>>> print(open('my_file.pdb').read())   # PDB, C-alpha atoms, pLDDT in the B column
ATOM      1  CA  MET A   1      42.883 152.304  85.215  1.00 54.00           C
ATOM      2  CA  ASN A   2      40.541 149.390  84.694  1.00 62.00           C
ATOM      3  CA  ASP A   3      39.663 146.786  87.294  1.00 59.00           C
ATOM      4  CA  ASP A   4      42.110 144.158  86.031  1.00 58.00           C
ATOM      5  CA  VAL A   5      45.096 146.497  86.172  1.00 56.00           C
ATOM      6  CA  ARG A   6      44.047 147.780  89.574  1.00 59.00           C
ATOM      7  CA  ASN A   7      43.782 144.235  90.919  1.00 55.00           C
ATOM      8  CA  ILE A   8      47.246 143.378  89.584  1.00 60.00           C
ATOM      9  CA  VAL A   9      48.756 146.496  91.164  1.00 55.00           C
ATOM     10  CA  LEU A  10      47.066 145.807  94.493  1.00 56.00           C
ATOM     11  CA  GLY A  11      48.275 142.192  94.372  1.00 60.00           C
ATOM     12  CA  VAL A  12      51.872 143.297  93.739  1.00 57.00           C
ATOM     13  CA  VAL A  13      51.691 145.840  96.563  1.00 58.00           C
ATOM     14  CA  ALA A  14      50.220 143.285  98.965  1.00 58.00           C
ATOM     15  CA  THR A  15      52.913 140.762  98.043  1.00 62.00           C
ATOM     16  CA  ALA A  16      55.626 143.357  98.575  1.00 55.00           C
ATOM     17  CA  ILE A  17      54.231 144.367 101.961  1.00 63.00           C
ATOM     18  CA  SER A  18      53.853 140.736 103.049  1.00 60.00           C
ATOM     19  CA  GLY A  19      57.377 139.877 101.885  1.00 59.00           C
ATOM     20  CA  GLY A  20      58.849 142.925 103.596  1.00 59.00           C
ATOM     21  CA  PHE A  21      57.079 142.129 106.839  1.00 52.00           C
ATOM     22  CA  GLY A  22      58.263 138.525 106.677  1.00 56.00           C
ATOM     23  CA  TRP A  23      61.844 139.622 106.036  1.00 48.00           C
ATOM     24  CA  PHE A  24      61.670 142.102 108.923  1.00 50.00           C
ATOM     25  CA  SER A  25      60.260 139.433 111.274  1.00 54.00           C
ATOM     26  CA  ARG A  26      62.918 136.893 110.334  1.00 58.00           C
ATOM     27  CA  THR A  27      65.690 139.477 110.701  1.00 63.00           C
ATOM     28  CA  TYR A  28      64.362 140.606 114.078  1.00 54.00           C
ATOM     29  CA  LEU A  29      64.139 137.037 115.384  1.00 70.00           C
ATOM     30  CA  TRP A  30      67.612 136.200 114.056  1.00 53.00           C
ATOM     31  CA  ARG A  31      69.123 139.266 115.713  1.00 75.00           C
ATOM     32  CA  ARG A  32      67.352 138.573 118.988  1.00 82.00           C
ATOM     33  CA  THR A  33      68.601 134.972 118.983  1.00 84.00           C
ATOM     34  CA  LEU A  34      72.120 136.172 118.190  1.00 88.00           C
ATOM     35  CA  ARG A  35      72.067 138.747 121.003  1.00 90.00           C
ATOM     36  CA  ARG A  36      70.962 136.112 123.491  1.00 91.00           C
ATOM     37  CA  LYS A  37      73.708 133.729 122.349  1.00 91.00           C
ATOM     38  CA  GLN A  38      76.306 136.488 122.561  1.00 92.00           C
ATOM     39  CA  ALA A  39      75.126 137.449 126.050  1.00 91.00           C
ATOM     40  CA  PHE A  40      75.245 133.852 127.306  1.00 93.00           C
ATOM     41  CA  PHE A  41      78.733 133.217 125.969  1.00 94.00           C
ATOM     42  CA  GLY A  42      80.037 136.723 126.699  1.00 93.00           C
ATOM     43  CA  LEU A  43      80.957 137.161 123.049  1.00 93.00           C
ATOM     44  CA  PRO A  44      79.774 140.465 121.543  1.00 93.00           C
ATOM     45  CA  THR A  45      80.637 141.039 117.909  1.00 93.00           C
ATOM     46  CA  GLY A  46      84.353 141.701 117.414  1.00 92.00           C
ATOM     47  CA  SER A  47      85.332 140.619 120.926  1.00 93.00           C
ATOM     48  CA  ASP A  48      88.234 138.303 121.743  1.00 92.00           C
ATOM     49  CA  CYS A  49      88.088 135.033 123.651  1.00 92.00           C
ATOM     50  CA  LEU A  50      90.488 132.340 124.811  1.00 91.00           C
ATOM     51  CA  PHE A  51      90.372 128.636 124.125  1.00 91.00           C
ATOM     52  CA  VAL A  52      92.672 126.942 126.620  1.00 91.00           C
ATOM     53  CA  VAL A  53      93.839 123.551 125.366  1.00 87.00           C
ATOM     54  CA  ASN A  54      95.180 120.762 127.531  1.00 84.00           C
ATOM     55  CA  ARG A  55      97.858 118.220 126.767  1.00 73.00           C
ATOM     56  CA  LYS A  56      97.363 114.610 125.807  1.00 60.00           C
ATOM     57  CA  MET A  57      97.469 112.393 128.875  1.00 48.00           C
ATOM     58  CA  GLY A  58     100.923 110.888 129.351  1.00 45.00           C
ATOM     59  CA  ASP A  59     102.491 113.055 126.647  1.00 47.00           C
ATOM     60  CA  SER A  60     105.416 115.158 127.813  1.00 47.00           C
ATOM     61  CA  GLU A  61     105.606 117.070 124.526  1.00 54.00           C
ATOM     62  CA  GLY A  62     102.249 118.801 125.012  1.00 55.00           C
ATOM     63  CA  ALA A  63     100.383 117.096 122.155  1.00 64.00           C
ATOM     64  CA  VAL A  64      96.593 117.530 122.035  1.00 70.00           C
ATOM     65  CA  HIS A  65      94.364 114.458 121.877  1.00 76.00           C
ATOM     66  CA  ARG A  66      92.278 114.312 118.714  1.00 80.00           C
ATOM     67  CA  ASN A  67      89.013 114.282 120.707  1.00 83.00           C
ATOM     68  CA  ASP A  68      90.114 117.472 122.441  1.00 81.00           C
ATOM     69  CA  ALA A  69      90.787 118.927 118.988  1.00 83.00           C
ATOM     70  CA  PHE A  70      87.233 117.940 118.044  1.00 85.00           C
ATOM     71  CA  ALA A  71      86.017 119.766 121.171  1.00 87.00           C
ATOM     72  CA  LEU A  72      87.765 122.854 119.832  1.00 87.00           C
ATOM     73  CA  LEU A  73      85.878 122.487 116.556  1.00 88.00           C
ATOM     74  CA  GLU A  74      82.539 122.173 118.394  1.00 87.00           C
ATOM     75  CA  ILE A  75      83.154 125.392 120.306  1.00 90.00           C
ATOM     76  CA  SER A  76      84.824 127.361 117.499  1.00 90.00           C
ATOM     77  CA  ALA A  77      81.585 127.148 115.501  1.00 88.00           C
ATOM     78  CA  LEU A  78      79.761 128.899 118.365  1.00 89.00           C
ATOM     79  CA  ILE A  79      82.437 131.583 118.531  1.00 92.00           C
ATOM     80  CA  LYS A  80      82.218 132.168 114.780  1.00 91.00           C
ATOM     81  CA  ASP A  81      78.422 132.486 114.957  1.00 91.00           C
ATOM     82  CA  CYS A  82      78.826 135.230 117.569  1.00 93.00           C
ATOM     83  CA  GLY A  83      81.277 137.143 115.374  1.00 93.00           C
ATOM     84  CA  ALA A  84      84.056 136.902 117.965  1.00 94.00           C
ATOM     85  CA  ASN A  85      87.773 136.217 117.569  1.00 93.00           C
ATOM     86  CA  LEU A  86      89.395 133.065 118.920  1.00 91.00           C
ATOM     87  CA  GLN A  87      92.858 132.808 120.460  1.00 90.00           C
ATOM     88  CA  ILE A  88      94.135 129.299 121.205  1.00 88.00           C
ATOM     89  CA  VAL A  89      96.499 129.075 124.172  1.00 86.00           C
ATOM     90  CA  SER A  90      98.209 126.123 125.819  1.00 84.00           C
ATOM     91  CA  HIS A  91      97.100 125.486 129.397  1.00 81.00           C
ATOM     92  CA  ASP A  92     100.567 126.184 130.778  1.00 78.00           C
ATOM     93  CA  ALA A  93     101.038 129.440 128.859  1.00 74.00           C
ATOM     94  CA  VAL A  94      98.082 131.445 130.203  1.00 75.00           C
ATOM     95  CA  ARG A  95      99.140 134.261 132.508  1.00 74.00           C
ATOM     96  CA  GLN A  96      96.014 136.299 133.177  1.00 77.00           C
ATOM     97  CA  GLY A  97      92.965 136.422 135.373  1.00 77.00           C
ATOM     98  CA  PHE A  98      89.386 135.958 134.259  1.00 78.00           C
ATOM     99  CA  GLY A  99      86.471 138.254 133.534  1.00 78.00           C
ATOM    100  CA  GLU A 100      87.991 140.508 130.870  1.00 84.00           C
ATOM    101  CA  ARG A 101      87.619 138.000 128.042  1.00 90.00           C
ATOM    102  CA  ALA A 102      85.390 134.986 127.626  1.00 94.00           C
ATOM    103  CA  GLU A 103      87.266 131.743 128.103  1.00 94.00           C
ATOM    104  CA  PHE A 104      86.683 128.126 127.147  1.00 95.00           C
ATOM    105  CA  CYS A 105      88.851 125.770 129.187  1.00 94.00           C
ATOM    106  CA  VAL A 106      88.850 122.112 128.147  1.00 93.00           C
ATOM    107  CA  GLY A 107      90.297 119.132 130.008  1.00 91.00           C
ATOM    108  CA  GLY A 108      90.493 117.831 133.554  1.00 91.00           C
ATOM    109  CA  PRO A 109      92.957 119.094 136.182  1.00 92.00           C
ATOM    110  CA  ILE A 110      95.449 116.316 135.446  1.00 87.00           C
ATOM    111  CA  SER A 111      96.033 117.456 131.872  1.00 87.00           C
ATOM    112  CA  ASN A 112      95.103 121.133 132.205  1.00 90.00           C
ATOM    113  CA  ALA A 113      96.722 123.338 134.859  1.00 90.00           C
ATOM    114  CA  ARG A 114      94.262 126.129 134.071  1.00 92.00           C
ATOM    115  CA  THR A 115      91.357 123.822 134.967  1.00 93.00           C
ATOM    116  CA  ALA A 116      93.056 122.975 138.251  1.00 93.00           C
ATOM    117  CA  ALA A 117      93.341 126.693 139.045  1.00 92.00           C
ATOM    118  CA  HIS A 118      89.677 127.360 138.176  1.00 93.00           C
ATOM    119  CA  LEU A 119      88.502 124.437 140.319  1.00 94.00           C
ATOM    120  CA  ALA A 120      90.537 125.622 143.279  1.00 93.00           C
ATOM    121  CA  SER A 121      89.434 129.260 143.081  1.00 92.00           C
ATOM    122  CA  MET A 122      85.856 129.068 141.808  1.00 93.00           C
ATOM    123  CA  LEU A 123      84.632 125.510 142.474  1.00 95.00           C
ATOM    124  CA  PRO A 124      86.252 124.601 145.811  1.00 95.00           C
ATOM    125  CA  GLY A 125      83.661 121.925 146.515  1.00 94.00           C
ATOM    126  CA  VAL A 126      84.892 119.749 143.645  1.00 95.00           C
ATOM    127  CA  ARG A 127      87.558 117.106 144.109  1.00 94.00           C
ATOM    128  CA  VAL A 128      89.052 115.083 141.253  1.00 93.00           C
ATOM    129  CA  ASP A 129      91.092 111.973 141.994  1.00 89.00           C
ATOM    130  CA  GLN A 130      94.408 112.493 140.236  1.00 82.00           C
ATOM    131  CA  SER A 131      96.121 109.245 141.160  1.00 78.00           C
ATOM    132  CA  SER A 132      98.061 107.523 138.406  1.00 73.00           C
ATOM    133  CA  GLU A 133      97.631 104.030 139.851  1.00 74.00           C
ATOM    134  CA  PRO A 134      94.746 101.871 138.563  1.00 75.00           C
ATOM    135  CA  GLY A 135      91.785 101.673 140.912  1.00 73.00           C
ATOM    136  CA  PRO A 136      88.032 102.236 141.127  1.00 78.00           C
ATOM    137  CA  ASP A 137      88.409 105.893 142.114  1.00 80.00           C
ATOM    138  CA  ARG A 138      90.966 106.865 139.495  1.00 86.00           C
ATOM    139  CA  GLY A 139      89.710 110.033 137.811  1.00 86.00           C
ATOM    140  CA  ALA A 140      86.573 110.102 139.985  1.00 92.00           C
ATOM    141  CA  ILE A 141      84.789 113.433 140.442  1.00 94.00           C
ATOM    142  CA  GLN A 142      83.602 114.098 144.001  1.00 94.00           C
ATOM    143  CA  VAL A 143      81.115 116.863 144.749  1.00 94.00           C
ATOM    144  CA  GLY A 144      78.243 117.290 147.181  1.00 89.00           C
ATOM    145  CA  GLY A 145      78.861 113.952 148.872  1.00 89.00           C
ATOM    146  CA  GLU A 146      78.552 112.054 145.582  1.00 93.00           C
ATOM    147  CA  THR A 147      81.344 110.264 143.743  1.00 94.00           C
ATOM    148  CA  TYR A 148      81.109 109.999 139.963  1.00 95.00           C
ATOM    149  CA  ARG A 149      83.375 107.147 138.895  1.00 93.00           C
ATOM    150  CA  TRP A 150      84.797 106.384 135.484  1.00 91.00           C
ATOM    151  CA  GLN A 151      84.179 102.977 133.896  1.00 92.00           C
ATOM    152  CA  LYS A 152      86.375 102.709 130.844  1.00 90.00           C
ATOM    153  CA  GLY A 153      84.365 102.768 127.640  1.00 88.00           C
ATOM    154  CA  GLN A 154      81.067 102.442 129.511  1.00 93.00           C
ATOM    155  CA  ILE A 155      80.534 105.461 131.750  1.00 94.00           C
ATOM    156  CA  ASP A 156      82.370 108.770 131.547  1.00 95.00           C
ATOM    157  CA  HIS A 157      81.525 111.952 133.427  1.00 96.00           C
ATOM    158  CA  VAL A 158      82.221 115.557 132.607  1.00 96.00           C
ATOM    159  CA  LEU A 159      81.862 118.673 134.696  1.00 96.00           C
ATOM    160  CA  LEU A 160      80.347 121.509 132.636  1.00 97.00           C
ATOM    161  CA  ALA A 161      80.352 124.947 134.242  1.00 97.00           C
ATOM    162  CA  ARG A 162      79.716 128.584 133.383  1.00 96.00           C
ATOM    163  CA  LEU A 163      81.514 130.802 135.879  1.00 94.00           C
ATOM    164  CA  THR A 164      81.422 134.573 136.349  1.00 90.00           C
ATOM    165  CA  THR A 165      82.885 136.869 138.964  1.00 82.00           C
ATOM    166  CA  GLY A 166      80.071 139.417 138.898  1.00 76.00           C
ATOM    167  CA  PRO A 167      77.931 141.665 136.681  1.00 76.00           C
ATOM    168  CA  GLY A 168      79.710 142.784 133.530  1.00 76.00           C
ATOM    169  CA  SER A 169      82.429 140.143 133.713  1.00 85.00           C
ATOM    170  CA  ARG A 170      82.925 137.731 130.826  1.00 92.00           C
ATOM    171  CA  PRO A 171      82.279 134.060 131.666  1.00 94.00           C
ATOM    172  CA  VAL A 172      84.634 131.122 131.882  1.00 95.00           C
ATOM    173  CA  PHE A 173      83.236 127.907 130.421  1.00 96.00           C
ATOM    174  CA  LEU A 174      84.834 124.860 131.987  1.00 96.00           C
ATOM    175  CA  VAL A 175      84.610 121.438 130.310  1.00 96.00           C
ATOM    176  CA  SER A 176      86.405 119.071 132.666  1.00 95.00           C
ATOM    177  CA  GLY A 177      85.955 115.479 131.583  1.00 93.00           C
ATOM    178  CA  GLN A 178      87.400 112.226 132.855  1.00 94.00           C
ATOM    179  CA  THR A 179      88.614 111.377 129.339  1.00 91.00           C
ATOM    180  CA  ALA A 180      89.241 113.166 126.047  1.00 90.00           C
ATOM    181  CA  ILE A 181      86.042 111.754 124.590  1.00 93.00           C
ATOM    182  CA  SER A 182      84.050 113.105 127.539  1.00 94.00           C
ATOM    183  CA  ASN A 183      85.649 116.510 126.924  1.00 93.00           C
ATOM    184  CA  GLN A 184      84.301 116.371 123.376  1.00 93.00           C
ATOM    185  CA  ALA A 185      80.927 115.200 124.678  1.00 95.00           C
ATOM    186  CA  GLY A 186      80.780 118.166 127.068  1.00 95.00           C
ATOM    187  CA  ALA A 187      81.655 120.615 124.314  1.00 94.00           C
ATOM    188  CA  ARG A 188      79.031 119.065 122.040  1.00 94.00           C
ATOM    189  CA  TYR A 189      76.415 119.227 124.787  1.00 96.00           C
ATOM    190  CA  LEU A 190      77.186 122.906 125.312  1.00 95.00           C
ATOM    191  CA  ALA A 191      76.884 123.578 121.575  1.00 93.00           C
ATOM    192  CA  ARG A 192      73.574 121.730 121.270  1.00 93.00           C
ATOM    193  CA  HIS A 193      71.899 122.803 124.517  1.00 94.00           C
ATOM    194  CA  HIS A 194      73.153 126.343 125.139  1.00 94.00           C
ATOM    195  CA  LYS A 195      69.651 127.757 124.562  1.00 93.00           C
ATOM    196  CA  ASP A 196      68.192 125.513 127.286  1.00 94.00           C
ATOM    197  CA  LEU A 197      71.053 126.355 129.637  1.00 95.00           C
ATOM    198  CA  ALA A 198      70.620 130.081 128.969  1.00 93.00           C
ATOM    199  CA  ARG A 199      66.879 129.898 129.686  1.00 92.00           C
ATOM    200  CA  ARG A 200      67.453 127.963 132.891  1.00 93.00           C
ATOM    201  CA  TYR A 201      70.365 129.920 134.349  1.00 92.00           C
ATOM    202  CA  ARG A 202      70.180 133.234 132.455  1.00 84.00           C
ATOM    203  CA  GLY A 203      73.347 135.147 133.314  1.00 83.00           C
ATOM    204  CA  ASP A 204      74.170 133.198 136.461  1.00 91.00           C
ATOM    205  CA  SER A 205      76.994 130.779 137.124  1.00 93.00           C
ATOM    206  CA  PHE A 206      76.198 127.090 137.049  1.00 96.00           C
ATOM    207  CA  CYS A 207      77.913 123.724 137.347  1.00 97.00           C
ATOM    208  CA  VAL A 208      76.413 120.434 136.166  1.00 97.00           C
ATOM    209  CA  VAL A 209      77.599 116.851 135.881  1.00 97.00           C
ATOM    210  CA  LEU A 210      77.027 115.125 132.552  1.00 97.00           C
ATOM    211  CA  LYS A 211      77.092 111.370 132.009  1.00 96.00           C
ATOM    212  CA  VAL A 212      78.448 109.942 128.761  1.00 96.00           C
ATOM    213  CA  ASN A 213      77.009 106.491 128.115  1.00 95.00           C
ATOM    214  CA  ASN A 214      78.854 103.653 126.367  1.00 93.00           C
ATOM    215  CA  SER A 215      81.432 105.809 124.614  1.00 92.00           C
ATOM    216  CA  ASP A 216      83.049 102.692 123.112  1.00 91.00           C
ATOM    217  CA  ALA A 217      79.914 102.190 121.023  1.00 92.00           C
ATOM    218  CA  TYR A 218      78.417 105.672 120.717  1.00 92.00           C
ATOM    219  CA  GLY A 219      81.375 108.019 121.060  1.00 90.00           C
ATOM    220  CA  PRO A 220      80.453 111.476 122.435  1.00 91.00           C
ATOM    221  CA  ASP A 221      76.824 111.389 121.250  1.00 91.00           C
ATOM    222  CA  VAL A 222      74.820 109.803 124.084  1.00 93.00           C
ATOM    223  CA  VAL A 223      74.951 112.319 126.933  1.00 95.00           C
ATOM    224  CA  GLU A 224      72.553 113.048 129.773  1.00 95.00           C
ATOM    225  CA  LEU A 225      72.446 115.768 132.380  1.00 96.00           C
ATOM    226  CA  LEU A 226      72.971 113.830 135.579  1.00 95.00           C
ATOM    227  CA  ALA A 227      72.982 116.488 138.317  1.00 95.00           C
ATOM    228  CA  ASP A 228      73.026 120.214 138.998  1.00 96.00           C
ATOM    229  CA  VAL A 229      75.791 120.660 141.567  1.00 96.00           C
ATOM    230  CA  THR A 230      76.123 124.447 141.428  1.00 95.00           C
ATOM    231  CA  ARG A 231      75.642 125.089 145.137  1.00 95.00           C
ATOM    232  CA  GLN A 232      77.742 122.137 146.279  1.00 95.00           C
ATOM    233  CA  ALA A 233      80.570 122.891 143.849  1.00 95.00           C
ATOM    234  CA  ARG A 234      80.835 126.526 144.950  1.00 92.00           C
ATOM    235  CA  THR A 235      80.868 125.602 148.659  1.00 90.00           C
ATOM    236  CA  PRO A 236      84.266 124.582 150.084  1.00 86.00           C
ATOM    237  CA  ALA A 237      84.311 120.822 150.557  1.00 70.00           C
ATOM    238  CA  ALA A 238      84.875 121.035 154.328  1.00 63.00           C
ATOM    239  CA  ALA A 239      81.682 123.100 154.690  1.00 49.00           C
ATOM    240  CA  ALA A 240      79.535 121.263 152.125  1.00 45.00           C
ATOM    241  CA  VAL A 241      76.521 119.332 153.331  1.00 45.00           C
TER     242      VAL A 241
END
>>> encode(input="my_file.pdb", output="structure tokens")
Amino acid sequence: MNDDVRNIVLGVVATAISGGFGWFSRTYLWRRTLRRKQAFFGLPTGSDCLFVVNRKMGDSEGAVHRNDAFALLEISALIKDCGANLQIVSHDAVRQGFGERAEFCVGGPISNARTAAHLASMLPGVRVDQSSEPGPDRGAIQVGGETYRWQKGQIDHVLLARLTTGPGSRPVFLVSGQTAISNQAGARYLARHHKDLARRYRGDSFCVVLKVNNSDAYGPDVVELLADVTRQARTPAAAAV
């Protein structure tokens, strides 16, 4: 074998080794990222999860607002990435506890009875004004001595929470907005920032308040994390300081 042939063979071998190593590295990183996402959402490959839909405000027939349907699309992409199976259930048709399957519950307590149950049992420090009469506190979220008021088309708030009952239990993700567009904003925030949330809270429960700015102009896109209210939300309101 002359020098030219030997150099060609060595070049091919080096390229193959380099390509194989690159493929292995990319595969390893992809699998590690996937495992972390699955762990955060409680969605191992082939598992089942619930998406609990609310009803459109003021609709007695149980219709779903289109922005809540968009929230479903935001979250269903995450579920698909994890290789899990999605079951869509109406809020008034769920008859089971939590912890066995991951759950995504969208909508405030006025339009979603499941949300009302989760707030009462797992976030007793949260109060949501459910009055139907117009007023400055209509739909306001109260937690930790703060009141987060809704200003139509200008300021919306959404409570985003990851709740677990202990090690090994699957989480409940709660997206409880003051409006349908804030529900979509909360779902979109979860989809876009789940890596940051996972790094910050790891496998623990959390509850944060998000602020949706000028939804009339920007829709669900301009969202900021306003406050971490985990401790206050999990403390019964009478005992909260």
>>> resolve_selection(input="my_file.pdb", expression="the PyMOL selection byres ((chain A and resi 120-124) around 7)", output="number ranges by chain")
A: 116-119, 125-126, 233-237
>>> resolve_selection(input="my_file.pdb", expression="the PyMOL selection byres ((chain A and resi 74-80) around 9)", output="VMD selection string")
chain A and resid 37 to 38 41 43 49 51 69 to 73 81 to 86 104 184 187 to 188 190 to 191
>>> atom_distance(input="my_file.pdb", atom1="CA of Gln130 (chain A)", atom2="CA of Val229 (chain A)")
20.4 Å
>>> closest_atom_pairs(input="my_file.pdb", of="region 42-132 of chain A", to="region 153-174 of chain A", cutoff="8 Å", atoms="only C-alpha atoms", output="CSV")
residue,atom,partner,partner_atom,distance
A:Gly42,CA,A:Arg170,CA,5.1
A:Phe98,CA,A:Val172,CA,7.2
A:Gly99,CA,A:Ser169,CA,4.5
A:Glu100,CA,A:Arg170,CA,5.8
A:Arg101,CA,A:Arg170,CA,5.5
A:Ala102,CA,A:Arg170,CA,4.9
A:Glu103,CA,A:Val172,CA,4.6
A:Phe104,CA,A:Phe173,CA,4.8
A:Cys105,CA,A:Leu174,CA,5.0
A:Val106,CA,A:Leu174,CA,6.2
A:Thr115,CA,A:Leu174,CA,7.2
A:Met122,CA,A:Leu163,CA,7.6
>>> resolve_selection(input="my_file.pdb", expression="the PyMOL selection byres ((chain A and resi 210) around 6)", output="JSON, numbers by chain")
{"A": [157, 158, 209, 211, 224, 225, 226]}
>>> closest_residue(input="my_file.pdb", among="A:Asp129, A:Lys152, A:Pro109, A:Gly139", to="Asp216 (chain A)", atoms="all atoms listed in the file")
A:Lys152
>>> residues_around(input="my_file.pdb", residues="Arg36 (chain A)", least_positions_apart="2", cutoff="12 Å", atoms="all atoms listed in the file", output="list in words")
Leu29, Trp30, Arg31, Arg32, Thr33, Leu34, Gln38, Ala39, Phe40, Phe41, Gly42, Leu43, Pro44, Asp81, Cys82, His194, Lys195, Asp196, Leu197, Ala198, Arg199, Arg202 and Gly203 of chain A
>>> closest_residue(input="my_file.pdb", among="A:Ala140, A:Ala180, A:Cys207, A:Val52", to="Gln96 (chain A)", atoms="all atoms listed in the file")
A:Val52
>>> atom_distance(input="my_file.pdb", atom1="CA of Ser182 (chain A)", atom2="CA of Gly219 (chain A)")
8.7 Å
>>> atom_distance(input="my_file.pdb", atom1="CA of Ile88 (chain A)", atom2="CA of Arg127 (chain A)")
26.8 Å
>>> axis_aligned_box(input="my_file.pdb", around="region 209-215 of chain A", padding_each_side="4 Å", output="lines of an AutoDock Vina configuration file")
center_x = 79.2
center_y = 110.3
center_z = 130.2
size_x = 12.4
size_y = 21.2
size_z = 19.3
>>> closest_residue(input="my_file.pdb", among="A:Glu146, A:Asp204, A:Asp137, A:Asp221", to="Gly186 (chain A)", atoms="only C-alpha atoms")
A:Asp221
